[in-house]
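Have a look at my_file.cif below; it lists mmCIF, C-alpha atoms.
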data_run
#
loop_
_atom_site.label_atom_id
_atom_site.label_comp_id
_atom_site.auth_asym_id
_atom_site.auth_seq_id
_atom_site.Cartn_x
_atom_site.Cartn_y
_atom_site.Cartn_z
CA LEU A 1 15.24 -11.30 19.10
CA LEU A 2 14.03 -7.91 17.97
CA PRO A 3 16.15 -4.83 18.84
CA THR A 4 13.93 -3.84 21.78
CA GLN A 5 14.09 -7.40 23.11
CA VAL A 6 17.89 -7.33 22.99
CA ILE A 7 17.92 -4.01 24.86
CA GLN A 8 15.45 -5.26 27.46
CA ASP A 9 17.55 -8.39 27.86
CA VAL A 10 20.83 -6.54 28.42
CA VAL A 11 19.53 -3.42 30.17
CA PRO A 12 16.33 -4.47 31.94
CA GLN A 13 15.82 -1.02 33.48
CA ALA A 14 15.95 0.73 30.06
CA ARG A 15 12.84 2.51 28.81
CA VAL A 16 12.64 1.42 25.19
CA GLY A 17 10.72 2.72 22.21
CA VAL A 18 10.73 2.29 18.44
CA LEU A 19 10.70 5.19 16.00
CA THR A 20 9.97 3.86 12.53
CA GLY A 21 7.99 4.51 9.37
CA PRO A 22 8.20 5.85 5.83
CA SER A 23 11.08 8.33 5.81
CA PHE A 24 14.38 9.20 4.26
CA ALA A 25 16.86 11.07 6.47
CA ALA A 26 17.58 13.44 3.57
CA ASP A 27 13.90 14.45 3.38
CA ILE A 28 13.57 15.01 7.13
CA ALA A 29 16.79 17.06 7.17
CA VAL A 30 15.36 19.57 4.69
CA GLY A 31 11.98 19.75 6.47
CA LYS A 32 9.82 17.80 4.05
CA PRO A 33 6.56 16.55 5.63
CA THR A 34 7.05 13.11 7.18
CA ALA A 35 4.88 10.94 9.44
CA LEU A 36 6.32 8.25 11.71
CA THR A 37 5.20 5.72 14.29
CA LEU A 38 6.58 5.93 17.84
CA ALA A 39 5.88 2.57 19.41
CA MET A 40 6.39 2.34 23.16
CA ALA A 41 4.55 1.65 26.38
CA ASP A 42 5.77 4.36 28.71
CA ALA A 43 4.01 6.74 31.08
CA ASP A 44 5.82 9.65 29.39
CA GLU A 45 5.06 8.61 25.81
CA GLU A 46 2.95 11.68 25.05
CA ALA A 47 5.65 14.03 26.33
CA ILE A 48 8.22 12.19 24.18
CA GLN A 49 5.87 12.39 21.18
CA ALA A 50 5.56 16.16 21.65
CA LEU A 51 9.33 16.58 22.10
CA LEU A 52 10.20 14.72 18.89
CA SER A 53 7.47 16.29 16.72
CA THR A 54 8.00 19.42 14.65
CA SER A 55 5.66 21.27 12.32
CA ALA A 56 6.80 18.99 9.46
CA LEU A 57 7.66 15.78 11.37
CA ARG A 58 4.44 14.16 12.58
CA ILE A 59 4.74 11.37 15.14
CA TYR A 60 1.91 8.98 15.93
CA LEU A 61 1.89 6.79 19.03
CA SER A 62 1.42 3.05 19.14
CA ASP A 63 2.03 0.47 21.85
CA ASP A 64 2.80 -2.35 19.40
CA MET A 65 6.60 -2.48 19.47
CA ILE A 66 6.67 -5.96 17.91
CA GLY A 67 4.48 -5.03 14.93
CA ALA A 68 6.34 -1.77 14.35
CA GLN A 69 9.75 -3.46 14.32
CA LEU A 70 8.60 -6.33 12.12
CA GLY A 71 7.00 -3.94 9.62
CA GLY A 72 10.25 -2.01 9.33
CA ALA A 73 12.30 -5.20 8.92
CA LEU A 74 10.09 -7.32 6.66
CA LYS A 75 9.41 -4.52 4.19
CA ASN A 76 13.11 -4.59 3.27
CA VAL A 77 12.78 -8.19 2.08
CA ILE A 78 9.80 -7.21 -0.07
CA ALA A 79 11.66 -4.17 -1.42
CA ILE A 80 14.31 -6.56 -2.75
CA ALA A 81 11.56 -8.59 -4.43
CA ALA A 82 10.00 -5.40 -5.86
CA GLY A 83 13.41 -4.36 -7.18
CA ILE A 84 13.86 -7.75 -8.83
CA VAL A 85 10.44 -7.39 -10.53
CA ILE A 86 11.33 -3.96 -11.92
CA GLY A 87 14.93 -4.90 -12.78
CA ALA A 88 13.75 -7.97 -14.67
CA GLY A 89 11.31 -5.80 -16.67
CA LEU A 90 8.12 -7.42 -15.37
CA GLY A 91 6.44 -4.02 -14.98
CA ASP A 92 4.67 -1.79 -12.47
CA SER A 93 1.46 -3.86 -12.43
CA ALA A 94 3.39 -6.98 -11.38
CA ARG A 95 5.08 -4.99 -8.62
CA ALA A 96 1.71 -3.75 -7.32
CA ALA A 97 0.36 -7.32 -7.25
CA LEU A 98 3.50 -8.47 -5.44
CA MET A 99 3.16 -5.72 -2.81
CA THR A 100 -0.50 -6.60 -2.21
CA ARG A 101 0.40 -10.21 -1.56
CA ALA A 102 3.41 -9.10 0.49
CA LEU A 103 1.39 -7.04 2.95
CA ALA A 104 -0.78 -10.09 3.68
CA GLU A 105 2.39 -12.16 4.22
CA MET A 106 3.89 -9.53 6.57
CA ILE A 107 0.68 -9.49 8.61
CA ARG A 108 0.60 -13.30 8.92
CA TYR A 109 4.16 -13.33 10.22
CA ALA A 110 3.76 -10.34 12.56
CA GLN A 111 0.59 -11.74 14.11
CA LYS A 112 2.35 -15.03 14.89
CA GLN A 113 5.10 -13.10 16.65
CA GLY A 114 2.61 -11.13 18.75
CA GLY A 115 2.24 -8.02 16.57
CA ARG A 116 -1.11 -6.55 15.50
CA SER A 117 -2.54 -6.25 12.00
CA GLU A 118 -3.53 -2.56 12.50
CA THR A 119 0.13 -1.71 12.97
CA LEU A 120 1.03 -3.35 9.69
CA PHE A 121 -1.78 -1.47 7.92
CA GLY A 122 -0.34 1.80 9.25
CA LEU A 123 2.73 3.94 8.72
CA SER A 124 5.28 1.35 9.89
CA GLY A 125 3.79 -1.38 7.65
CA PHE A 126 1.86 -0.27 4.58
CA GLY A 127 3.43 3.22 4.53
CA ASP A 128 7.00 2.02 4.81
CA LEU A 129 6.36 -0.83 2.34
CA VAL A 130 5.05 1.64 -0.26
CA LEU A 131 7.99 3.99 0.13
CA THR A 132 10.69 1.33 0.11
CA CYS A 133 9.28 -0.64 -2.82
CA THR A 134 8.81 2.36 -5.11
CA SER A 135 11.78 4.60 -4.45
CA SER A 136 15.26 4.22 -5.91
CA GLN A 137 16.48 6.00 -2.76
CA SER A 138 16.05 2.61 -1.06
CA ARG A 139 19.19 0.47 -0.93
CA ASN A 140 17.09 -2.70 -0.70
CA PHE A 141 15.11 -1.79 -3.81
CA ARG A 142 18.30 -0.93 -5.72
CA HIS A 143 19.91 -4.21 -4.65
CA GLY A 144 16.91 -6.14 -5.99
CA ALA A 145 16.81 -4.12 -9.20
CA ALA A 146 20.49 -4.87 -9.89
CA PHE A 147 19.85 -8.58 -9.18
CA GLY A 148 16.87 -8.52 -11.58
CA GLU A 149 19.04 -6.95 -14.28
CA GLY A 150 21.69 -9.61 -13.70
CA ILE A 151 24.30 -7.14 -12.41
CA LYS A 152 26.78 -8.15 -9.69
CA THR A 153 26.35 -5.75 -6.77
CA ASP A 154 28.80 -4.32 -4.26
CA GLU A 155 28.73 -6.70 -1.30
CA ASN A 156 30.01 -4.03 1.10
CA VAL A 157 26.84 -1.94 1.05
CA THR A 158 24.45 -2.73 3.91
CA VAL A 159 21.26 -4.25 2.53
CA GLU A 160 19.21 -5.15 5.60
CA GLY A 161 16.66 -7.15 3.65
CA VAL A 162 19.21 -9.81 2.68
CA THR A 163 20.02 -10.57 6.32
CA THR A 164 16.36 -10.39 7.29
CA ALA A 165 15.21 -12.81 4.57
CA HIS A 166 17.77 -15.43 5.58
CA ALA A 167 17.07 -14.88 9.31
CA VAL A 168 13.31 -15.39 8.89
CA VAL A 169 13.83 -18.53 6.81
CA GLU A 170 16.37 -19.84 9.32
CA ALA A 171 14.00 -19.22 12.23
CA MET A 172 11.20 -20.97 10.39
CA ARG A 173 13.42 -23.95 9.50
CA THR A 174 13.97 -24.66 13.18
CA SER A 175 10.23 -24.57 13.85
CA ALA A 176 8.01 -27.64 13.65
CA SER A 177 6.55 -27.56 10.14
CA GLU A 178 8.77 -26.03 7.49
CA SER A 179 6.41 -26.68 4.55
CA ARG A 180 3.64 -24.77 6.34
CA ALA A 181 6.02 -21.87 6.97
CA GLU A 182 6.99 -21.71 3.30
CA GLU A 183 3.29 -21.71 2.40
CA ASP A 184 2.67 -18.81 4.80
CA LEU A 185 5.70 -16.80 3.67
CA PRO A 186 6.23 -17.66 -0.01
CA LEU A 187 7.81 -14.32 -0.94
CA THR A 188 10.33 -14.27 1.90
CA PHE A 189 11.39 -17.85 1.17
CA MET A 190 11.65 -17.01 -2.54
CA VAL A 191 13.83 -13.94 -1.96
CA SER A 192 16.13 -15.95 0.32
CA SER A 193 16.42 -18.77 -2.26
CA LEU A 194 17.03 -16.34 -5.13
CA LEU A 195 19.80 -14.51 -3.25
CA LYS A 196 21.45 -17.84 -2.41
CA ASN A 197 21.17 -18.83 -6.11
CA GLU A 198 19.17 -21.91 -5.11
CA ILE A 199 16.56 -21.10 -7.76
CA SER A 200 16.62 -19.11 -11.00
CA LEU A 201 14.60 -15.97 -11.57
CA GLU A 202 12.64 -17.74 -14.31
CA ALA A 203 11.72 -20.60 -11.97
CA ALA A 204 10.66 -18.11 -9.25
CA THR A 205 8.44 -16.15 -11.65
CA ASP A 206 6.90 -19.32 -13.05
CA ALA A 207 6.18 -20.61 -9.54
CA LEU A 208 4.39 -17.39 -8.59
CA LEU A 209 2.30 -17.39 -11.78
CA ALA A 210 1.52 -21.09 -11.56
CA ARG A 211 -0.26 -20.88 -8.20
CA PRO A 212 -3.84 -22.15 -8.48
CA LEU A 213 -6.57 -19.62 -9.35
CA ARG A 214 -8.78 -19.00 -6.37
CA ARG A 215 -10.73 -16.51 -4.33
CA GLU A 216 -8.91 -13.37 -3.30
CA LEU B 1 -25.18 4.54 -8.37
CA LEU B 2 -22.20 2.35 -9.15
CA PRO B 3 -21.84 0.98 -12.70
CA THR B 4 -23.20 -2.46 -11.78
CA GLN B 5 -26.18 -0.80 -10.07
CA VAL B 6 -26.95 1.20 -13.21
CA ILE B 7 -26.79 -1.98 -15.30
CA GLN B 8 -28.98 -3.92 -12.88
CA ASP B 9 -31.44 -1.01 -12.87
CA VAL B 10 -31.70 -0.81 -16.67
CA VAL B 11 -31.23 -4.48 -17.57
CA PRO B 12 -32.45 -6.46 -14.54
CA GLN B 13 -31.82 -9.80 -16.23
CA ALA B 14 -28.14 -8.96 -16.93
CA ARG B 15 -25.43 -11.05 -15.25
CA VAL B 16 -22.98 -8.45 -14.07
CA GLY B 17 -19.42 -8.60 -12.83
CA VAL B 18 -16.53 -6.23 -12.19
CA LEU B 19 -13.02 -6.76 -13.51
CA THR B 20 -10.67 -4.34 -11.77
CA GLY B 21 -7.27 -4.03 -10.16
CA PRO B 22 -3.71 -2.80 -10.67
CA SER B 23 -3.10 -2.91 -14.41
CA PHE B 24 -2.17 -0.89 -17.45
CA ALA B 25 -3.61 -2.05 -20.77
CA ALA B 26 -0.19 -1.60 -22.37
CA ASP B 27 1.38 -4.05 -19.87
CA ILE B 28 -1.32 -6.68 -20.35
CA ALA B 29 -1.06 -6.37 -24.14
CA VAL B 30 2.61 -7.36 -24.11
CA GLY B 31 2.03 -10.21 -21.64
CA LYS B 32 3.55 -8.72 -18.49
CA PRO B 33 2.38 -10.48 -15.29
CA THR B 34 -0.79 -8.86 -13.94
CA ALA B 35 -3.25 -9.84 -11.20
CA LEU B 36 -6.87 -8.61 -11.13
CA THR B 37 -10.04 -9.00 -9.09
CA LEU B 38 -13.16 -10.39 -10.75
CA ALA B 39 -16.04 -9.46 -8.46
CA MET B 40 -19.35 -11.14 -9.19
CA ALA B 41 -21.92 -13.44 -7.66
CA ASP B 42 -22.71 -15.86 -10.44
CA ALA B 43 -23.03 -19.63 -10.62
CA ASP B 44 -20.56 -19.64 -13.51
CA GLU B 45 -17.96 -17.37 -11.90
CA GLU B 46 -15.25 -20.03 -11.79
CA ALA B 47 -15.73 -20.85 -15.48
CA ILE B 48 -15.50 -17.13 -16.32
CA GLN B 49 -12.40 -16.81 -14.14
CA ALA B 50 -10.76 -19.68 -16.04
CA LEU B 51 -11.81 -18.24 -19.43
CA LEU B 52 -10.33 -14.81 -18.74
CA SER B 53 -7.08 -16.02 -17.14
CA THR B 54 -3.89 -16.63 -19.09
CA SER B 55 -0.46 -17.73 -17.93
CA ALA B 56 0.42 -14.06 -17.27
CA LEU B 57 -3.00 -12.60 -16.39
CA ARG B 58 -4.07 -13.91 -13.00
CA ILE B 59 -7.69 -13.36 -11.96
CA TYR B 60 -8.90 -13.73 -8.38
CA LEU B 61 -12.58 -14.06 -7.50
CA SER B 62 -14.49 -11.94 -5.03
CA ASP B 63 -18.21 -11.46 -4.41
CA ASP B 64 -17.83 -7.86 -3.18
CA MET B 65 -18.86 -5.85 -6.24
CA ILE B 66 -19.39 -2.68 -4.18
CA GLY B 67 -15.95 -2.75 -2.56
CA ALA B 68 -14.23 -3.59 -5.85
CA GLN B 69 -15.88 -0.71 -7.70
CA LEU B 70 -15.27 1.79 -4.91
CA GLY B 71 -11.60 0.79 -4.64
CA GLY B 72 -11.16 1.39 -8.36
CA ALA B 73 -12.94 4.76 -8.21
CA LEU B 74 -11.64 6.25 -4.95
CA LYS B 75 -8.02 5.44 -5.67
CA ASN B 76 -8.19 7.93 -8.59
CA VAL B 77 -8.97 10.75 -6.15
CA ILE B 78 -5.99 9.78 -4.01
CA ALA B 79 -3.76 9.53 -7.09
CA ILE B 80 -4.53 13.19 -7.78
CA ALA B 81 -3.56 14.01 -4.19
CA ALA B 82 -0.36 11.95 -4.55
CA GLY B 83 0.45 13.77 -7.78
CA ILE B 84 -0.05 17.12 -6.05
CA VAL B 85 2.35 16.06 -3.26
CA ILE B 86 5.05 15.08 -5.75
CA GLY B 87 4.40 18.04 -8.08
CA ALA B 88 4.66 20.46 -5.17
CA GLY B 89 8.01 18.92 -4.16
CA LEU B 90 6.86 17.57 -0.78
CA GLY B 91 8.69 14.29 -1.36
CA ASP B 92 8.22 10.52 -1.43
CA SER B 93 7.87 10.19 2.36
CA ALA B 94 4.94 12.62 2.40
CA ARG B 95 3.28 10.66 -0.41
CA ALA B 96 3.68 7.39 1.52
CA ALA B 97 2.08 8.97 4.62
CA LEU B 98 -0.75 10.31 2.47
CA MET B 99 -1.39 6.91 0.92
CA THR B 100 -1.47 5.25 4.35
CA ARG B 101 -4.10 7.69 5.56
CA ALA B 102 -5.93 7.38 2.22
CA LEU B 103 -6.39 3.63 2.47
CA ALA B 104 -8.06 4.07 5.86
CA GLU B 105 -10.32 6.75 4.35
CA MET B 106 -11.24 4.53 1.40
CA ILE B 107 -12.14 1.70 3.76
CA ARG B 108 -14.36 3.94 5.93
CA TYR B 109 -16.30 5.08 2.86
CA ALA B 110 -16.57 1.63 1.26
CA GLN B 111 -17.81 0.03 4.47
CA LYS B 112 -20.58 2.63 4.77
CA GLN B 113 -21.67 1.82 1.23
CA GLY B 114 -21.79 -1.92 1.96
CA GLY B 115 -18.31 -2.90 0.77
CA ARG B 116 -15.87 -5.00 2.81
CA SER B 117 -12.49 -3.97 4.22
CA GLU B 118 -10.76 -7.14 2.92
CA THR B 119 -11.57 -6.07 -0.62
CA LEU B 120 -9.93 -2.71 -0.07
CA PHE B 121 -6.84 -4.40 1.39
CA GLY B 122 -6.60 -6.52 -1.77
CA LEU B 123 -5.77 -6.01 -5.43
CA SER B 124 -8.67 -3.66 -6.21
CA GLY B 125 -7.91 -1.41 -3.23
CA PHE B 126 -4.34 -1.44 -1.90
CA GLY B 127 -2.88 -2.84 -5.13
CA ASP B 128 -4.58 -0.37 -7.43
CA LEU B 129 -3.86 2.51 -5.03
CA VAL B 130 -0.14 1.69 -5.04
CA LEU B 131 0.06 1.48 -8.82
CA THR B 132 -1.94 4.61 -9.56
CA CYS B 133 -0.22 6.79 -6.95
CA THR B 134 3.33 5.86 -7.99
CA SER B 135 3.23 5.60 -11.77
CA SER B 136 3.41 8.46 -14.23
CA GLN B 137 1.45 6.18 -16.59
CA SER B 138 -1.60 7.21 -14.52
CA ARG B 139 -3.57 10.16 -15.92
CA ASN B 140 -4.89 10.99 -12.45
CA PHE B 141 -1.40 11.11 -10.99
CA ARG B 142 -0.14 13.26 -13.88
CA HIS B 143 -3.11 15.62 -13.48
CA GLY B 144 -2.29 16.07 -9.79
CA ALA B 145 1.42 16.50 -10.47
CA ALA B 146 0.73 19.27 -12.99
CA PHE B 147 -1.61 20.93 -10.49
CA GLY B 148 1.08 20.71 -7.80
CA GLU B 149 3.59 22.32 -10.15
CA GLY B 150 1.11 25.10 -10.91
CA ILE B 151 0.72 24.13 -14.57
CA LYS B 152 -2.65 24.55 -16.32
CA THR B 153 -3.71 21.16 -17.65
CA ASP B 154 -5.62 20.13 -20.74
CA GLU B 155 -9.25 19.94 -19.67
CA ASN B 156 -10.14 17.57 -22.50
CA VAL B 157 -8.28 14.59 -21.08
CA THR B 158 -10.45 12.24 -19.01
CA VAL B 159 -9.35 12.35 -15.39
CA GLU B 160 -11.85 10.16 -13.55
CA GLY B 161 -10.67 11.21 -10.11
CA VAL B 162 -11.87 14.80 -10.60
CA THR B 163 -15.44 13.68 -11.26
CA THR B 164 -15.26 11.11 -8.46
CA ALA B 165 -14.01 13.61 -5.85
CA HIS B 166 -16.80 16.06 -6.61
CA ALA B 167 -19.42 13.27 -6.76
CA VAL B 168 -18.44 11.89 -3.33
CA VAL B 169 -18.49 15.36 -1.77
CA GLU B 170 -21.84 16.13 -3.41
CA ALA B 171 -23.34 12.87 -2.14
CA MET B 172 -22.06 13.59 1.37
CA ARG B 173 -23.41 17.17 1.29
CA THR B 174 -26.94 15.85 0.81
CA SER B 175 -26.53 13.49 3.76
CA ALA B 176 -27.42 14.42 7.32
CA SER B 177 -24.15 15.57 8.90
CA GLU B 178 -21.72 17.19 6.52
CA SER B 179 -19.08 18.06 9.13
CA ARG B 180 -18.90 14.40 10.15
CA ALA B 181 -18.49 13.39 6.49
CA GLU B 182 -15.62 15.84 6.03
CA GLU B 183 -13.99 14.43 9.17
CA ASP B 184 -14.31 10.89 7.78
CA LEU B 185 -13.07 11.78 4.29
CA PRO B 186 -10.62 14.66 4.75
CA LEU B 187 -8.49 13.83 1.70
CA THR B 188 -11.40 13.53 -0.73
CA PHE B 189 -12.91 16.81 0.49
CA MET B 190 -9.50 18.47 0.22
CA VAL B 191 -8.91 17.28 -3.35
CA SER B 192 -12.36 18.50 -4.37
CA SER B 193 -11.78 21.92 -2.75
CA LEU B 194 -8.31 22.26 -4.29
CA LEU B 195 -9.57 21.45 -7.79
CA LYS B 196 -12.36 24.01 -7.39
CA ASN B 197 -9.79 26.56 -6.19
CA GLU B 198 -11.73 26.96 -2.94
CA ILE B 199 -8.49 26.57 -0.94
CA SER B 200 -4.82 27.12 -1.74
CA LEU B 201 -2.25 24.36 -1.78
CA GLU B 202 -0.45 26.03 1.14
CA ALA B 203 -3.63 26.09 3.22
CA ALA B 204 -4.32 22.43 2.41
CA THR B 205 -0.80 21.34 3.39
CA ASP B 206 -0.92 23.38 6.60
CA ALA B 207 -4.30 21.88 7.51
CA LEU B 208 -3.00 18.34 7.08
CA LEU B 209 0.13 19.03 9.14
CA ALA B 210 -1.79 20.92 11.84
CA ARG B 211 -4.00 17.99 12.78
CA PRO B 212 -3.56 17.10 16.46
CA LEU B 213 -0.90 14.56 17.40
CA ARG B 214 -2.50 11.34 18.53
CA ARG B 215 -2.41 7.57 18.51
CA GLU B 216 -2.08 5.91 15.14
#

Can you present the structure in this file as structure tokens?
Amino acid sequence: LLPTQVIQDVVPQARVGVLTGPSFAADIAVGKPTALTLAMADADEEAIQALLSTSALRIYLSDDMIGAQLGGALKNVIAIAAGIVIGAGLGDSARAALMTRALAEMIRYAQKQGGRSETLFGLSGFGDLVLTCTSSQSRNFRHGAAFGEGIKTDENVTVEGVTTAHAVVEAMRTSASESRAEEDLPLTFMVSSLLKNEISLEAATDALLARPLRRE
Amino acid sequence: LLPTQVIQDVVPQARVGVLTGPSFAADIAVGKPTALTLAMADADEEAIQALLSTSALRIYLSDDMIGAQLGGALKNVIAIAAGIVIGAGLGDSARAALMTRALAEMIRYAQKQGGRSETLFGLSGFGDLVLTCTSSQSRNFRHGAAFGEGIKTDENVTVEGVTTAHAVVEAMRTSASESRAEEDLPLTFMVSSLLKNEISLEAATDALLARPLRRE
């Protein structure tokens, strides 16, 4: 269940919304320009949008709570992968290629769960993916970078992407066709396997590069 | 005219193709993993794809030469804007929001010129945009960053995005409705105006932040 689904389950009368997108609390606190998605389906959504917005904090409305939550969650898995690429010294071009493939993977998964592709192309998908995969302010990126460098990391720090990667793989394993799921979500499965030490970094890189040449 | 259109105009019998995407020559030279788009419509395209590919250089085929060329050109304009954001100290979150809006702008323009949105969501659009806007290896990004810091830059260095921004604005000015064009391509018009010192950086930032709140 996604956070809003848990809330709706426990408190059916609650009016729920999702505020998500590319942002660091430290930037917002000092008034740096930031744009976020407020996903909700509520008669008062425009009043809430106006209340939360400031001259530097721009809030855009959406009614796709599923897509917005999945964008915010799945991008953490990809940030770990991006960190691994940079930590292992594979370079910025490899990271950009990974992120391009990752956005397509995030959209495939979100659509199956009832989210919309436009949401993933917006602030809470593309925007958040860009920020998290390219900034060392991101804990998920740093966790991946340390893994790529072969450094043991502090297990007490919260790295949401680790939990998310395993949760997605677990959910897919209980579904009908696991091989199809792994084909649809190769990066998420790879991150989960790497973090569980089921495959080596060399084997993961080789597998990605060995995929057949084809049309984009 | 795009490069392939110039070639086809001058040498009609030429077999043209476009190799583009997120890459730095220095990375490819040392064998770092890189993925590119080869856009062409040629009976031998798969043979050419196989010839150009190596174990580390992955080439994906497309038949959208217009979209591939526009992605590679327009992303340079946005990289200047991203550099300005970072140089002016507006932060990584603001850059991510800018890039999200930029991809939508690039797609609007490319579609009008006969390109396809899928191409812009791929390596030669999204991928190249990500790399160029986040790497100080990019001349366009560095040019924007220096501008944002208020530093006079060396005019002798080739910064493709400057020429591209002015060329797009010029082409739009000769078209029927200029105000509509500026509405469709606000970032490109803004970069062109900033570089010509027609508006100040403060005015540009205020204009972006003053846009009405709305749906994403």

- Task: Fewer than 2 positions away in the same chain doesn't count, so skip those; otherwise give me all residues within 9 Å of Thr132 in chain A, counting only C-alpha atoms, as a ChimeraX atom specification.
- Result: /A:22,75-76,78-79,127-130,134-141

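Those residues returned by the PyMOL selection byres ((chain B and resi 48) around 12) for this file are Leu213 of chain A; Arg15, Val16, Gly17, Val18, Leu19, Leu38, Ala39, Met40, Ala41, Asp42, Ala43, Asp44, Glu45, Glu46, Ala47, Gln49, Ala50, Leu51, Leu52, Ser53, Thr54, Ile59, Tyr60 and Leu61 of chain B.
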
What would the selection look like, as a PDB file with C-alpha atoms, in the frame of the given file, if the PyMOL selection byres ((chain B) within 7 of (chain A)) were run on the coordinates I just shared?
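Printed below is expr_37.pdb as written:
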ATOM      1  CA  PRO B  22      -3.710  -2.800 -10.670  1.00  0.00           C
ATOM      2  CA  SER B  23      -3.100  -2.910 -14.410  1.00  0.00           C
ATOM      3  CA  PHE B  24      -2.170  -0.890 -17.450  1.00  0.00           C
ATOM      4  CA  LYS B  32       3.550  -8.720 -18.490  1.00  0.00           C
ATOM      5  CA  PRO B  33       2.380 -10.480 -15.290  1.00  0.00           C
ATOM      6  CA  THR B  34      -0.790  -8.860 -13.940  1.00  0.00           C
ATOM      7  CA  ALA B  35      -3.250  -9.840 -11.200  1.00  0.00           C
ATOM      8  CA  SER B  55      -0.460 -17.730 -17.930  1.00  0.00           C
ATOM      9  CA  ALA B  56       0.420 -14.060 -17.270  1.00  0.00           C
ATOM     10  CA  ILE B  59      -7.690 -13.360 -11.960  1.00  0.00           C
ATOM     11  CA  TYR B  60      -8.900 -13.730  -8.380  1.00  0.00           C
ATOM     12  CA  LEU B  61     -12.580 -14.060  -7.500  1.00  0.00           C
ATOM     13  CA  SER B  62     -14.490 -11.940  -5.030  1.00  0.00           C
ATOM     14  CA  LEU B  90       6.860  17.570  -0.780  1.00  0.00           C
ATOM     15  CA  GLY B  91       8.690  14.290  -1.360  1.00  0.00           C
ATOM     16  CA  ASP B  92       8.220  10.520  -1.430  1.00  0.00           C
ATOM     17  CA  SER B  93       7.870  10.190   2.360  1.00  0.00           C
ATOM     18  CA  ALA B  94       4.940  12.620   2.400  1.00  0.00           C
ATOM     19  CA  ALA B  96       3.680   7.390   1.520  1.00  0.00           C
ATOM     20  CA  ALA B  97       2.080   8.970   4.620  1.00  0.00           C
ATOM     21  CA  THR B 100      -1.470   5.250   4.350  1.00  0.00           C
ATOM     22  CA  GLY B 122      -6.600  -6.520  -1.770  1.00  0.00           C
ATOM     23  CA  LEU B 123      -5.770  -6.010  -5.430  1.00  0.00           C
ATOM     24  CA  PHE B 126      -4.340  -1.440  -1.900  1.00  0.00           C
ATOM     25  CA  GLY B 127      -2.880  -2.840  -5.130  1.00  0.00           C
ATOM     26  CA  VAL B 130      -0.140   1.690  -5.040  1.00  0.00           C
ATOM     27  CA  LEU B 131       0.060   1.480  -8.820  1.00  0.00           C
ATOM     28  CA  LEU B 209       0.130  19.030   9.140  1.00  0.00           C
ATOM     29  CA  LEU B 213      -0.900  14.560  17.400  1.00  0.00           C
ATOM     30  CA  ARG B 214      -2.500  11.340  18.530  1.00  0.00           C
ATOM     31  CA  ARG B 215      -2.410   7.570  18.510  1.00  0.00           C
ATOM     32  CA  GLU B 216      -2.080   5.910  15.140  1.00  0.00           C
TER      33      GLU B 216
END

Translate the PyMOL selection byres ((chain A and resi 77) around 10) into a concrete residue list for this structure, as a compact mmCIF listing (two decimals) with C-alpha atoms, in the coordinates of the input.
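Once written, result.txt looks like this:
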# COMPACT_ATOMS: atom_id res chain seq x y z
CA GLY A 72 10.25 -2.01 9.33
CA ALA A 73 12.30 -5.20 8.92
CA LEU A 74 10.09 -7.32 6.66
CA LYS A 75 9.41 -4.52 4.19
CA ASN A 76 13.11 -4.59 3.27
CA ILE A 78 9.80 -7.21 -0.07
CA ALA A 79 11.66 -4.17 -1.42
CA ILE A 80 14.31 -6.56 -2.75
CA ALA A 81 11.56 -8.59 -4.43
CA ALA A 82 10.00 -5.40 -5.86
CA ALA A 102 3.41 -9.10 0.49
CA LEU A 129 6.36 -0.83 2.34
CA THR A 132 10.69 1.33 0.11
CA CYS A 133 9.28 -0.64 -2.82
CA ASN A 140 17.09 -2.70 -0.70
CA PHE A 141 15.11 -1.79 -3.81
CA GLY A 144 16.91 -6.14 -5.99
CA VAL A 159 21.26 -4.25 2.53
CA GLU A 160 19.21 -5.15 5.60
CA GLY A 161 16.66 -7.15 3.65
CA VAL A 162 19.21 -9.81 2.68
CA THR A 163 20.02 -10.57 6.32
CA THR A 164 16.36 -10.39 7.29
CA ALA A 165 15.21 -12.81 4.57
CA HIS A 166 17.77 -15.43 5.58
CA VAL A 168 13.31 -15.39 8.89
CA LEU A 187 7.81 -14.32 -0.94
CA THR A 188 10.33 -14.27 1.90
CA PHE A 189 11.39 -17.85 1.17
CA VAL A 191 13.83 -13.94 -1.96
CA SER A 192 16.13 -15.95 0.32

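One distance worth recording is that between CA of Gln69 in chain B and CA of Arg180 in chain B, which is 23.6 Å.
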
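Across the structure, CA of Leu120 in chain A and CA of Gly67 in chain A are spaced 6.5 Å apart.
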
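CA of Gln8 in chain A sits 24.1 Å away from CA of Thr174 in chain A.
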